[in-house]
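A.B. asks: Shown below is the structure under consideration.
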Number of protein chains: 2
Amino acid sequence: MPRPRSVVPSSTSSASSEQGGTPMGPVRQGPGAKAELAPATVEVRGGFWETRREVNARTSIPQGPGLLESAGNLRNLRVVAGTAEGEFQGAYPFVDSDVYKWLEAASWQLAQQAPEDDSPLAADVERIVSLVAGAQQPDGYLNTWFQLLKGGERYRDLRWGHELYCAGHLIQAAVAHHRATGRDELLDVAVKFADHIDSVFGLPGSGKPIDGVDGHPEVETALVELYRETGERRYLDLAGYFVDRFGHGLLGGEAYCQDRVPLREATTVEGHAVRQLYLLAAAADLATETGEAGLRTAAERLWAAMTTSKTHITGGLGAHHDEEDFGDPYELPNERAYCETCAAIASIQWSWRMALLTGEARYSDLIERTLYNGFLAGVSLDGERWLYVNPLQVRDGHTDTGGDQSARRTRWFRCACCPPNVMRLLASLEHYLASHDTGGLQIHQYVTGRYTGDLGGTPVMVSAETDYPWHGTIALTVEETPADRPWTLSLRIPQWCGAYRVRSGDTVYDQTDAPVTDGWLRLERTWAPGDRVVLELDLEPRLTAADPRVDAVRGCVAIERGPLVYCLEEADHPGGGLDDMVLDTTGPLAVKHRPDLLGGVTTVVAAGHRRHIADAGWWPYRTAGTADAPPADAPLELTAIPYYAWANRQDGSMRVWLPTS
Amino acid sequence: MPRPRSVVPSSTSSASSEQGGTPMGPVRQGPGAKAELAPATVEVRGGFWETRREVNARTSIPQGPGLLESAGNLRNLRVVAGTAEGEFQGAYPFVDSDVYKWLEAASWQLAQQAPEDDSPLAADVERIVSLVAGAQQPDGYLNTWFQLLKGGERYRDLRWGHELYCAGHLIQAAVAHHRATGRDELLDVAVKFADHIDSVFGLPGSGKPIDGVDGHPEVETALVELYRETGERRYLDLAGYFVDRFGHGLLGGEAYCQDRVPLREATTVEGHAVRQLYLLAAAADLATETGEAGLRTAAERLWAAMTTSKTHITGGLGAHHDEEDFGDPYELPNERAYCETCAAIASIQWSWRMALLTGEARYSDLIERTLYNGFLAGVSLDGERWLYVNPLQVRDGHTDTGGDQSARRTRWFRCACCPPNVMRLLASLEHYLASHDTGGLQIHQYVTGRYTGDLGGTPVMVSAETDYPWHGTIALTVEETPADRPWTLSLRIPQWCGAYRVRSGDTVYDQTDAPVTDGWLRLERTWAPGDRVVLELDLEPRLTAADPRVDAVRGCVAIERGPLVYCLEEADHPGGGLDDMVLDTTGPLAVKHRPDLLGGVTTVVAAGHRRHIADAGWWPYRTAGTADAPPADAPLELTAIPYYAWANRQDGSMRVWLPTS
């Protein structure tokens with residue numbers, strides 16, 4: 001069958017050098033950006049993510065001020081400002097950043113709120129902005145830990161002090177607040193702090209007193225954002241200086257804080273996962289703004305090193321509890337997977353920058369996987385409880401030691417970095433979903449809503465209706481288009497998707513006649529308002545195996561359906577014994593939508609049995625091949641739920657990877 | 001074939017209620033001990049362990065004083081005594097214990113030294129004993145960390161302060177020093193400190209100011225030893241008080257420091273592995289001395305829980321890096337196995353007490369496995385470098401972050417608990433090898449040397465010649481025996497041993513006609529001097545599989561031969577790629593003794609191939625069953641060396657468990 005005329009992959013898409021509309025939020029690009037794609041504007045109006053964002057807006061974010069008050073974060077600001085008395089509260093030098101991340105989340109939320117919304121959120125934001133402003137020192141410095149506990153010892157402990165890290169989150173919050181409200185109060189604080197930092201940090205010979213970097217990257221992306229918001233080039237240059245200075249021993253040469261090797265020479269991701277990922281997001285930002293090929297190449301190389309050998313199937317990152325760091329290649333444990341929720345967020349932020357920089361769909365493949373699995377598991381369905389670490393297995397007989405690294409959901413953490421990070425990502429999620437260039441509009445993630453781009457001044461808009469990820473049908477309608485100019489509607493065909501169909505008018509194409517190029521199905525034509533495109537992604541559940549070097553899952557498969565990774569949970573298998581269950585790979589995988597369960601999920605029911613284990617006496621190792629033949633057990637139904645929904649019922653065992661014999 | 005007359009398993013062996021001879025060393029029993037067996041005296045005169053003990057005596061122990069001087073441990077004692085100036089040196093409150101463990105090791109060594117030996121060891125010992133005595137406060141207290149850094153804050157931080165832990169190691173050293181030299185100087189220090197502790201700690205209402213325990217058990221076994229050495233019952237009672245008070249929340253209820261649940265109610269081993277094991281050794285000591293059934297039952301139950309589901313094949317214990325603790329049942333990772341060298345030592349100490357208490361051979365089965373594998377890997381063949389953690393896998397591409405928990409051998413540690421612990425175990429190894437009761441002599445571990453016991457006043461002695469574990473033949477000769485009284489020579493048939501033969505005079509029996517009862521082959525007869533018994537244990541190499549709940553090794557086997565666990569090491573496979581190698585389970589296992597290699601080891605060569613891995617692109621997970629069929633690769637020789645000998649050549653990858661497909 002000849003290739004249909006209307007499906008013409010465009011071989012290159014030119015970069016948009018300026019933006020139309022007013023796209024807000026993470027990674028707005030500067031005026032001279034060298035990226036392939038620019039972020040497009042999306043309104044999420046229903047469906048899966050709107051539900052999660054509603055919970056975020058109605059429960060998680062509104063509870064923030066109360067939690068920050070109880071934990072002492074807000075009082076610290078008052079004590080510094082002299083409006084309260086007391087000692088510093090908190091276990092870590094970076095507690096201020098919890099406040100800033102909440103402010104950022106609340107600001108993105110405010111930006112979406114109807115003007116007539118009379119929730120107390122706006123007032124809470126302005127109140128807390130005032131607290132922050134009140135705590136700033138005259139020269140711009142602000143960090144309550146150092147101001148209350150370490151008077152006069154600024155920037156003496158860059159490895160652990162987190163002063164620039166906190167500054168970065170303050171700047172990110174200020175940019176969000178300014179974009180959302182148009183108000184300057186927080187941006188003024190941020191600019192003053194950024195100017196102070198710029199006066200302190202620089203190369204030897206620059207006349208600035210300190211040549212150094214913060215042990216936890218974060219200020220770098222923030223400074224790029226501040227450059228984008230203010231147009232002040234100094235901030236971009238300062239970000240570039242910081243990124244360049246990692247890996248030169250200024251922090252003692254530790255991999256943990258990204259100081260073992262310069263980014264441009266690194267061959268794999270290493271050290272503390274969140275630090276590595278925030279630094280790489282900054283590298284992508286700099287490559288976007290400056291066009292530097294060396295940073296882009298390094299970021300591409302490190303992304304591939306990460307995904308090929310250091311990423312859990314959930315998109316989770318970080319293999320070790322003790323340093324929250326990446327492990328060796330293919331070291332991807334299940335019960336001790338660290339997979340910090342913040343690392344999932346950082347991965348999404350980095351990958352989105354890479355998607356725009358390169359135009360390649362694989363970055364959004366990873367974003368999708370991470371969003372629906374490793375990220376979303378970090379917050380409970382009711383928006384009130386959190387996971388800091390996201391294991392892929394909780395064993396029968398699990399003893400939980402509690403604390404931040406517990407496998408049980410917690411109301412708040414001593415190190416409360418993850419909850420407000422989840423809040424800010426959910427509140428700004430619409431910024432990660434689509435892009436545009438002069439040649440068209442690219443839909444990276446499928447939601448019910450409106451995707452708006454412009455083709456160098458000419459607006460285009462496409463609306464979408466979908467029940468994804470429960471159903472694979474995405475119905476798109478062209479709402480706004482130039483009448484006489486062809487452009488390309490690019491639809492990402494997910495990496496996991498083996499079969500799809502696309503209906504455009506009366507014609508139906510599938511993967512054989514409308515092939516995907518580099519992850520994109522590109523529909524180029526002259527569109528008319530009302531034109532419909534219906535994409536159907538095959539959501540047949542599938543059994544997934546890992547590269548044989550992933551020792552932790554040898555002889556196991558995972559159940560997946562669409563972008564969702566599934567797991568078994570004890571709540572669906574009364575009596576537990578999950579570690580004795582075996583999946584029969586020759587049995588059927590039955591799909592059952594259960595509107596009653598966990599807010600409405602599609603379950604996958606597999607066939608299996610419970611393994612018979614002969615009593616081994618006191619020693620569990622025996623000569624290979626001498627184990628008793630298993631007696632014929634009664635078949636067992638294994639009910640798998642989406643991984644993101646686990647740990648929302650009772651405590652119990654859970655596992656993603658299931659033995660097949 | 002009828003059962004030969006001379007092989008009569010004795011159904012019970014009666015407890016020895018008093019000891020003949022002068023058995024010295026760990027777990028001498030008190031006069032009223034309720035144990036099944038009493039420790040017998042062994043002289044090691046050659047063979048495998050004598051070589052390792054020679055290195056310990058000639059290199060490791062003599063280097064101790066210099067290392068303790070460089071690290072500051074000895075200077076701290078001088079500063080406290082006022083003979084030197086300076087600040088406390090060291091990263092931990094328990095640095096004094098490194099000195100005490102070295103003194104204990106050196107004392108056991110002195111006890112074996114010929115009187116004419118003119119090495120400086122005795123002088124070093126007396127010099128350091130003087131330093132210790134000089135640092136003791138008038139009331140008996142001694143801890144340089146608290147004396148130098150925390151004046152007046154004694155016993156305020158029992159959870160982390162390690163004051164009683166250090167006292168315990170001081171007492172153990174004093175007992176060893178007293179037994180070895182007959183001198184009182186260190187014993188006087190220990191008694192004074194013990195009396196001080198006894199005056200401070202007790203139940204509410206006892207009139208003593210503190211009801212508490214130390215976060216790290218150790219003083220408990222030491223106090224039992226002090227009771228045995230001095231006959232002072234108060235020390236036994238104080239040990240009992242401490243053991244009883246764990247698990248009642250005095251330390252905040254943490255599992256980490258054994259405070260979550262009382263030992264008598266515990267159902268599994270948990271928390272910090274060394275703490276758990278030292279506490280259980282104390283429980284066994286108390287059950288031995290008091291006959292308390294509750295403690296014995298708890299110890300038996302917890303030993304079984306540990307071995308069935310929380311012990312690595314090497315005997316290594318502890319699954320987690322971040323708290324050095326036990327994991328969940330069957331959570332036995334390879335690359336992140338913690339298996340602290342000290343935990344292996346603690347396991348041996350506990351199991352030996354259980355072996356004597358119960359008379360059961362399985363405890364010595366675990367001791368053997370631990371000695372030859374998980375323990376011995378902790379020290380390099382030259383006795384100069386150490387491993388704190390003992391992983392079962394080092395991956396291709398391993399990035400080592402250095403520090404105490406490195407997978408690379410280290411000259412000394414910031415937390416130098418393991419090296420002097422290895423030294424003291426090797427120097428006192430002869431105490432863990434044999435036992436006796438009124439009915440006979442039990443040989444638990446096979447070495448070249450002399451085993452001496454007594455049958456309630458009548459001495460017996462058996463000499464042994466063996467090249468075990470390289471060869472399975474152990475030739476025993478009765479040297480001393482009563483002329484007219486039958487007694488039982490009990491030989492432990494190792495748990496791993498599927499076939500054996502025993503020759504006694506002209507008669508040969510094998511496992512069918514000289515069966516093992518509870519791990520013991522019992523030869524009861526009236527012996528004459530010169531009687532020979534030759535035991536041949538089948539050392540055919542074998543492939544071992546794990547209980548299927550040990551997820552980490554699914555689809556893998558380990559190579560074992562006799563008591564030795566084997567591993568592949570990159571040094572024998574130039575170019576590495578160990579993680580791609582597959583063992584062919586149908587191929588032969590060839591045994592090659594290599595006198596030139598690693599001080600002389602028997603290697604096992606297996607057949608295998610290198611796995612062909614199709615390029616998976618950026619994502620290492622794919623639909624099960626869709627991987628390319630592997631092309632026929634050239635066969636590959638896999639050369640396995642004993643695990644204890646790894647990491648003595650170049651840095652590189654290593655693995656114990658080998659995939660079979």
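In the structure tokens, the first chain shown is A, the next is B, and so on; residue numbers restart at 1 for each chain, and ligands run from 1 in the order shown.
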Which polymer residues have any atom within 12 Å of an atom of segment 121-130 of chain A, counting only C-alpha atoms, with same-chain residues fewer than 6 positions away left out, as an NGL selection string?
C.D. replies: :A and (57-66 or 68-69 or 73-78 or 81 or 83 or 96 or 99-115 or 136 or 170 or 173-174 or 176-178 or 180-181 or 183-190)
A.B. asks: May I have all residues of segment 165-363 of chain A that DSSP, computed from the backbone, assigns to helix (DSSP H, G or I), given as JSON, numbers by chain?
C.D. replies: {"A": [165, 166, 167, 168, 169, 170, 171, 172, 173, 174, 175, 176, 177, 178, 179, 180, 181, 185, 186, 187, 188, 189, 190, 191, 192, 193, 194, 195, 196, 197, 198, 199, 200, 219, 220, 221, 222, 223, 224, 225, 226, 227, 228, 229, 230, 233, 234, 235, 236, 237, 238, 239, 240, 241, 242, 243, 244, 245, 263, 264, 265, 273, 274, 275, 276, 277, 278, 279, 280, 281, 282, 283, 284, 285, 286, 287, 288, 289, 290, 293, 294, 295, 296, 297, 298, 299, 300, 301, 302, 303, 304, 305, 306, 307, 308, 309, 341, 342, 343, 344, 345, 346, 347, 348, 349, 350, 351, 352, 353, 354, 355, 356, 357, 358, 362, 363]}
A.B. asks: Pick out the residues sitting within 8 Å of His609 of chain A, and hand them over as a ChimeraX atom specification; count only C-alpha atoms, and ignore anything fewer than 3 positions along from it in its own chain.
C.D. replies: /A:581-584,633-637
A.B. asks: Would you mind exporting the chosen residues as a CSV table (one decimal), in the first residue's frame, restricted to all heavy atoms?
C.D. replies:
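Contents of again.csv, freshly written:
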```
chain,number,residue,atom,x,y,z
A,581,MET,N,4.7,-16.1,44.9
A,581,MET,CA,3.8,-16.2,43.7
A,581,MET,C,4.6,-16.2,42.4
A,581,MET,O,5.7,-15.5,42.3
A,581,MET,CB,2.9,-15.0,43.7
A,581,MET,CG,1.8,-15.1,44.8
A,581,MET,SD,0.7,-13.7,44.8
A,581,MET,CE,-0.2,-14.1,46.3
A,582,VAL,N,4.2,-17.0,41.5
A,582,VAL,CA,4.8,-17.2,40.2
A,582,VAL,C,3.8,-16.8,39.1
A,582,VAL,O,2.7,-17.2,39.2
A,582,VAL,CB,5.3,-18.6,40.1
A,582,VAL,CG1,5.9,-18.8,38.7
A,582,VAL,CG2,6.3,-19.0,41.2
A,583,LEU,N,4.3,-16.0,38.2
A,583,LEU,CA,3.4,-15.6,37.1
A,583,LEU,C,3.5,-16.7,35.9
A,583,LEU,O,4.7,-17.0,35.6
A,583,LEU,CB,3.7,-14.2,36.6
A,583,LEU,CG,2.8,-13.7,35.5
A,583,LEU,CD1,2.5,-12.2,35.7
A,583,LEU,CD2,3.5,-13.9,34.1
A,584,ASP,N,2.4,-17.1,35.4
A,584,ASP,CA,2.4,-18.0,34.3
A,584,ASP,C,2.4,-17.2,33.0
A,584,ASP,O,1.4,-16.6,32.6
A,584,ASP,CB,1.2,-18.9,34.4
A,584,ASP,CG,1.1,-19.8,33.2
A,584,ASP,OD1,2.0,-19.8,32.3
A,584,ASP,OD2,0.1,-20.6,33.1
A,633,ASP,N,0.1,-27.0,42.0
A,633,ASP,CA,-0.6,-26.1,42.8
A,633,ASP,C,-1.9,-25.7,42.1
A,633,ASP,O,-2.0,-25.7,40.9
A,633,ASP,CB,0.2,-24.9,43.2
A,633,ASP,CG,1.3,-25.2,44.2
A,633,ASP,OD1,1.1,-26.1,44.9
A,633,ASP,OD2,2.3,-24.5,44.1
A,634,ALA,N,-2.9,-25.3,42.9
A,634,ALA,CA,-4.1,-24.7,42.4
A,634,ALA,C,-3.7,-23.4,41.7
A,634,ALA,O,-2.9,-22.6,42.2
A,634,ALA,CB,-5.1,-24.5,43.5
A,635,PRO,N,-4.3,-23.1,40.6
A,635,PRO,CA,-4.0,-21.8,39.9
A,635,PRO,C,-4.4,-20.7,40.8
A,635,PRO,O,-5.3,-20.8,41.6
A,635,PRO,CB,-4.7,-21.9,38.6
A,635,PRO,CG,-5.8,-22.9,38.8
A,635,PRO,CD,-5.3,-23.9,39.8
A,636,LEU,N,-3.8,-19.5,40.6
A,636,LEU,CA,-4.0,-18.4,41.4
A,636,LEU,C,-4.2,-17.2,40.5
A,636,LEU,O,-3.5,-17.1,39.5
A,636,LEU,CB,-2.7,-18.2,42.2
A,636,LEU,CG,-2.7,-17.3,43.4
A,636,LEU,CD1,-3.5,-17.8,44.5
A,636,LEU,CD2,-1.2,-17.2,43.9
A,637,GLU,N,-5.1,-16.3,40.8
A,637,GLU,CA,-5.3,-15.1,40.1
A,637,GLU,C,-4.4,-14.0,40.7
A,637,GLU,O,-4.5,-13.7,41.8
A,637,GLU,CB,-6.7,-14.6,40.1
A,637,GLU,CG,-7.6,-15.2,39.1
A,637,GLU,CD,-8.9,-14.4,38.9
A,637,GLU,OE1,-9.2,-13.4,39.7
A,637,GLU,OE2,-9.7,-14.7,38.0
```
A.B. asks: Pull out every residue of chain A sitting within 7 Å of chain B, counting only C-alpha atoms, and send them as a short mmCIF file (atom, residue, chain, number, x, y, z; two decimals) with N, CA, C and O atoms, in the first residue's frame.
C.D. replies:
```cif
data_model
loop_
_atom_site.label_atom_id
_atom_site.label_comp_id
_atom_site.auth_asym_id
_atom_site.auth_seq_id
_atom_site.Cartn_x
_atom_site.Cartn_y
_atom_site.Cartn_z
N ALA A 304 21.79 9.17 27.81
CA ALA A 304 21.78 7.80 27.28
C ALA A 304 22.41 6.83 28.28
O ALA A 304 21.92 5.71 28.49
N THR A 307 19.73 6.23 30.96
CA THR A 307 18.55 5.42 30.62
C THR A 307 18.93 3.98 30.27
O THR A 307 18.19 3.06 30.59
N THR A 308 20.08 3.78 29.66
CA THR A 308 20.40 2.40 29.26
C THR A 308 20.76 1.53 30.46
O THR A 308 20.56 0.33 30.40
N SER A 309 21.28 2.10 31.52
CA SER A 309 21.78 1.20 32.58
C SER A 309 21.53 1.64 34.00
O SER A 309 21.89 0.93 34.93
N HIS A 321 20.50 3.74 49.19
CA HIS A 321 19.95 4.51 50.30
C HIS A 321 20.98 5.42 50.95
O HIS A 321 20.69 6.54 51.30
N ASP A 322 22.21 4.90 51.09
CA ASP A 322 23.10 5.63 52.00
C ASP A 322 23.62 6.95 51.46
O ASP A 322 23.88 7.86 52.22
N ASP A 328 26.13 1.40 40.24
CA ASP A 328 26.89 0.99 39.07
C ASP A 328 25.92 0.69 37.91
O ASP A 328 24.72 0.54 38.13
N PRO A 329 26.43 0.58 36.68
CA PRO A 329 25.56 0.22 35.57
C PRO A 329 24.82 -1.09 35.84
O PRO A 329 25.43 -2.06 36.30
N ARG A 395 8.87 -6.62 50.76
CA ARG A 395 8.79 -8.05 50.97
C ARG A 395 7.75 -8.45 52.00
O ARG A 395 7.42 -7.67 52.90
N GLY A 397 6.94 -9.86 55.30
CA GLY A 397 7.77 -9.80 56.51
C GLY A 397 8.61 -8.56 56.60
O GLY A 397 9.53 -8.49 57.41
N HIS A 398 8.31 -7.58 55.76
CA HIS A 398 9.10 -6.34 55.78
C HIS A 398 9.05 -5.68 57.15
O HIS A 398 7.98 -5.49 57.72
N THR A 399 10.21 -5.33 57.66
CA THR A 399 10.29 -4.55 58.89
C THR A 399 10.61 -3.12 58.49
O THR A 399 11.64 -2.88 57.88
N ARG A 542 1.14 -6.01 28.52
CA ARG A 542 2.31 -6.73 28.05
C ARG A 542 3.20 -7.13 29.21
O ARG A 542 3.17 -6.51 30.28
N LEU A 543 3.96 -8.18 28.98
CA LEU A 543 4.95 -8.63 29.96
C LEU A 543 6.31 -8.14 29.49
O LEU A 543 6.69 -8.36 28.35
N THR A 544 7.02 -7.49 30.39
CA THR A 544 8.27 -6.85 30.02
C THR A 544 9.43 -7.50 30.77
O THR A 544 9.32 -7.79 31.96
N ALA A 545 10.50 -7.75 30.04
CA ALA A 545 11.72 -8.30 30.65
C ALA A 545 12.82 -7.25 30.58
O ALA A 545 12.74 -6.31 29.80
N ALA A 546 13.83 -7.44 31.38
CA ALA A 546 14.93 -6.48 31.45
C ALA A 546 16.16 -7.02 30.75
O ALA A 546 16.31 -8.24 30.56
N ASP A 547 17.04 -6.13 30.40
CA ASP A 547 18.39 -6.50 29.95
C ASP A 547 18.95 -7.52 30.96
O ASP A 547 18.83 -7.34 32.17
N ARG A 549 21.66 -8.01 32.15
CA ARG A 549 22.64 -7.51 33.13
C ARG A 549 21.97 -6.90 34.35
O ARG A 549 22.64 -6.62 35.35
N ASP A 551 20.74 -7.76 37.15
CA ASP A 551 20.69 -9.00 37.94
C ASP A 551 19.46 -9.08 38.84
O ASP A 551 18.95 -10.16 39.09
N ALA A 552 19.02 -7.95 39.34
CA ALA A 552 17.96 -7.96 40.35
C ALA A 552 16.65 -8.54 39.83
O ALA A 552 15.80 -8.94 40.63
N ARG A 554 16.42 -10.90 37.15
CA ARG A 554 16.60 -12.08 36.32
C ARG A 554 15.45 -13.07 36.58
O ARG A 554 15.04 -13.28 37.71
N GLY A 555 14.93 -13.63 35.50
CA GLY A 555 13.86 -14.62 35.66
C GLY A 555 12.52 -14.01 36.05
O GLY A 555 11.62 -14.73 36.47
N ASP A 579 5.88 -13.03 47.80
CA ASP A 579 7.20 -13.50 47.40
C ASP A 579 7.19 -14.97 46.96
O ASP A 579 8.19 -15.46 46.44
N ASP A 580 6.08 -15.66 47.19
CA ASP A 580 5.97 -17.05 46.74
C ASP A 580 5.19 -17.17 45.44
O ASP A 580 4.99 -18.28 44.93
N TRP A 618 17.90 -25.44 58.03
CA TRP A 618 18.41 -24.14 58.50
C TRP A 618 19.23 -23.42 57.44
O TRP A 618 19.62 -22.29 57.63
N TRP A 619 19.48 -24.05 56.31
CA TRP A 619 20.37 -23.45 55.33
C TRP A 619 19.65 -23.35 53.99
O TRP A 619 19.22 -24.37 53.45
N PRO A 620 19.50 -22.16 53.45
CA PRO A 620 18.64 -21.98 52.25
C PRO A 620 19.36 -22.19 50.93
O PRO A 620 18.83 -21.84 49.90
N TYR A 621 20.56 -22.73 50.95
CA TYR A 621 21.31 -22.96 49.71
C TYR A 621 21.52 -24.47 49.57
O TYR A 621 21.88 -25.13 50.53
N ARG A 622 21.29 -24.98 48.40
CA ARG A 622 21.46 -26.41 48.20
C ARG A 622 21.96 -26.70 46.80
O ARG A 622 21.88 -25.85 45.91
N THR A 623 22.48 -27.92 46.60
CA THR A 623 23.05 -28.26 45.31
C THR A 623 22.00 -28.05 44.21
O THR A 623 20.86 -28.47 44.35
N ALA A 624 22.41 -27.35 43.18
CA ALA A 624 21.49 -27.00 42.10
C ALA A 624 20.85 -28.27 41.52
O ALA A 624 21.52 -29.28 41.33
#
```
A.B. asks: List the neighbours of Ala475 of chain B out to 10 Å using only C-alpha atoms; skip same-chain residues closer than 5 positions along the sequence, and give me the result as a PyMOL selection string.
C.D. replies: chain B and resi 446+448+463-467+502-503+532-536
A.B. asks: Considering only strand (DSSP E) as DSSP defines it on the backbone, what residues of segment 304-511 of chain A qualify? List them as a VMD selection string.
C.D. replies: chain A and resid 393 to 394 434 to 437 440 to 443 448 to 454 459 to 466 473 to 480 487 to 492 500 to 504 507 to 510
A.B. asks: Produce a file of the selected residues containing C-alpha atoms, as a PDB file, in the first residue's frame.
C.D. replies:
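Writing done, so here's result-v5.pdb:
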```
ATOM      1  CA  GLN A 393       9.311  -4.272  46.148  1.00  0.00           C
ATOM      2  CA  VAL A 394       8.211  -4.539  49.743  1.00  0.00           C
ATOM      3  CA  ALA A 434       3.667  20.275  24.086  1.00  0.00           C
ATOM      4  CA  SER A 435       5.961  22.363  21.947  1.00  0.00           C
ATOM      5  CA  HIS A 436       5.911  24.270  18.710  1.00  0.00           C
ATOM      6  CA  ASP A 437       8.259  25.561  16.056  1.00  0.00           C
ATOM      7  CA  GLY A 440       4.007  23.139  13.507  1.00  0.00           C
ATOM      8  CA  LEU A 441       2.827  21.854  16.839  1.00  0.00           C
ATOM      9  CA  GLN A 442       4.216  18.832  18.692  1.00  0.00           C
ATOM     10  CA  ILE A 443       2.091  16.980  21.208  1.00  0.00           C
ATOM     11  CA  THR A 448      -7.872  16.344  27.595  1.00  0.00           C
ATOM     12  CA  GLY A 449      -7.505  20.036  26.903  1.00  0.00           C
ATOM     13  CA  ARG A 450      -6.183  22.590  24.448  1.00  0.00           C
ATOM     14  CA  TYR A 451      -2.756  22.768  22.856  1.00  0.00           C
ATOM     15  CA  THR A 452      -1.810  26.201  21.527  1.00  0.00           C
ATOM     16  CA  GLY A 453       1.234  27.113  19.504  1.00  0.00           C
ATOM     17  CA  ASP A 454       2.167  29.587  16.898  1.00  0.00           C
ATOM     18  CA  PRO A 459      -1.560  30.938  16.062  1.00  0.00           C
ATOM     19  CA  VAL A 460      -2.649  27.314  15.885  1.00  0.00           C
ATOM     20  CA  MET A 461      -4.770  25.488  18.400  1.00  0.00           C
ATOM     21  CA  VAL A 462      -5.778  21.850  18.705  1.00  0.00           C
ATOM     22  CA  SER A 463      -8.192  20.488  21.289  1.00  0.00           C
ATOM     23  CA  ALA A 464      -8.009  16.946  22.618  1.00  0.00           C
ATOM     24  CA  GLU A 465     -10.364  14.539  24.310  1.00  0.00           C
ATOM     25  CA  THR A 466      -9.042  11.367  25.840  1.00  0.00           C
ATOM     26  CA  THR A 473      -8.040   6.795  21.951  1.00  0.00           C
ATOM     27  CA  ILE A 474      -7.050  10.433  21.651  1.00  0.00           C
ATOM     28  CA  ALA A 475      -9.476  12.544  19.609  1.00  0.00           C
ATOM     29  CA  LEU A 476      -7.924  15.749  18.316  1.00  0.00           C
ATOM     30  CA  THR A 477      -9.741  18.633  16.693  1.00  0.00           C
ATOM     31  CA  VAL A 478      -8.082  21.514  14.923  1.00  0.00           C
ATOM     32  CA  GLU A 479      -9.632  24.634  16.416  1.00  0.00           C
ATOM     33  CA  GLU A 480      -7.470  27.381  15.034  1.00  0.00           C
ATOM     34  CA  TRP A 487       1.898  22.850   8.955  1.00  0.00           C
ATOM     35  CA  THR A 488       2.794  19.686  10.754  1.00  0.00           C
ATOM     36  CA  LEU A 489       0.880  18.247  13.663  1.00  0.00           C
ATOM     37  CA  SER A 490       3.394  15.932  15.317  1.00  0.00           C
ATOM     38  CA  LEU A 491       2.106  13.225  17.624  1.00  0.00           C
ATOM     39  CA  ARG A 492       4.506  11.358  19.851  1.00  0.00           C
ATOM     40  CA  TYR A 500      -1.401   2.226  16.673  1.00  0.00           C
ATOM     41  CA  ARG A 501      -3.960   3.517  14.241  1.00  0.00           C
ATOM     42  CA  VAL A 502      -4.657   7.052  13.197  1.00  0.00           C
ATOM     43  CA  ARG A 503      -7.895   8.212  11.597  1.00  0.00           C
ATOM     44  CA  SER A 504      -7.875  11.470   9.712  1.00  0.00           C
ATOM     45  CA  THR A 507      -8.804   7.466   6.093  1.00  0.00           C
ATOM     46  CA  VAL A 508      -7.267   5.084   8.607  1.00  0.00           C
ATOM     47  CA  TYR A 509      -3.567   4.432   8.755  1.00  0.00           C
ATOM     48  CA  ASP A 510      -1.606   2.157  11.011  1.00  0.00           C
TER      49      ASP A 510
END
```
A.B. asks: Record the distance separating atom CA of Val55 of chain A and atom CA of Val379 of chain A, expressed in Å with one decimal.
C.D. replies: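 Result for atom CA of Val55 of chain A versus atom CA of Val379 of chain A: 10.2 Å, one decimal.
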A.B. asks: My list of candidates is B:Arg649, B:Arg385, B:Arg409, B:His169. Which is closest to Arg424 of chain B when distances are computed with only C-alpha atoms?
C.D. replies: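 Among B:Arg649, B:Arg385, B:Arg409, B:His169, it is B:His169 that comes nearest to Arg424 of chain B.
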A.B. asks: Pick out the closest residue to Leu67 of chain A from this set: A:Phe201, A:Tyr155, A:Trp412, A:Trp520. Count only C-alpha atoms.
C.D. replies: A:Trp412
A.B. asks: Contacts of segment 207-214 of chain A at 7 Å or less, counting only C-alpha atoms, minus same-chain residues fewer than 2 places along, as a ChimeraX atom specification?
C.D. replies: /A:158-159,162,164-165,199-205,216-217,242,245-246,250
A.B. asks: Determine, counting only C-alpha atoms, which protein, DNA and RNA residues have an atom within 9 Å of an atom of Lys192 of chain B; residues of the same chain fewer than 5 positions away are not included. Present the result as a PyMOL selection string.
C.D. replies: chain B and resi 139-141+187+197
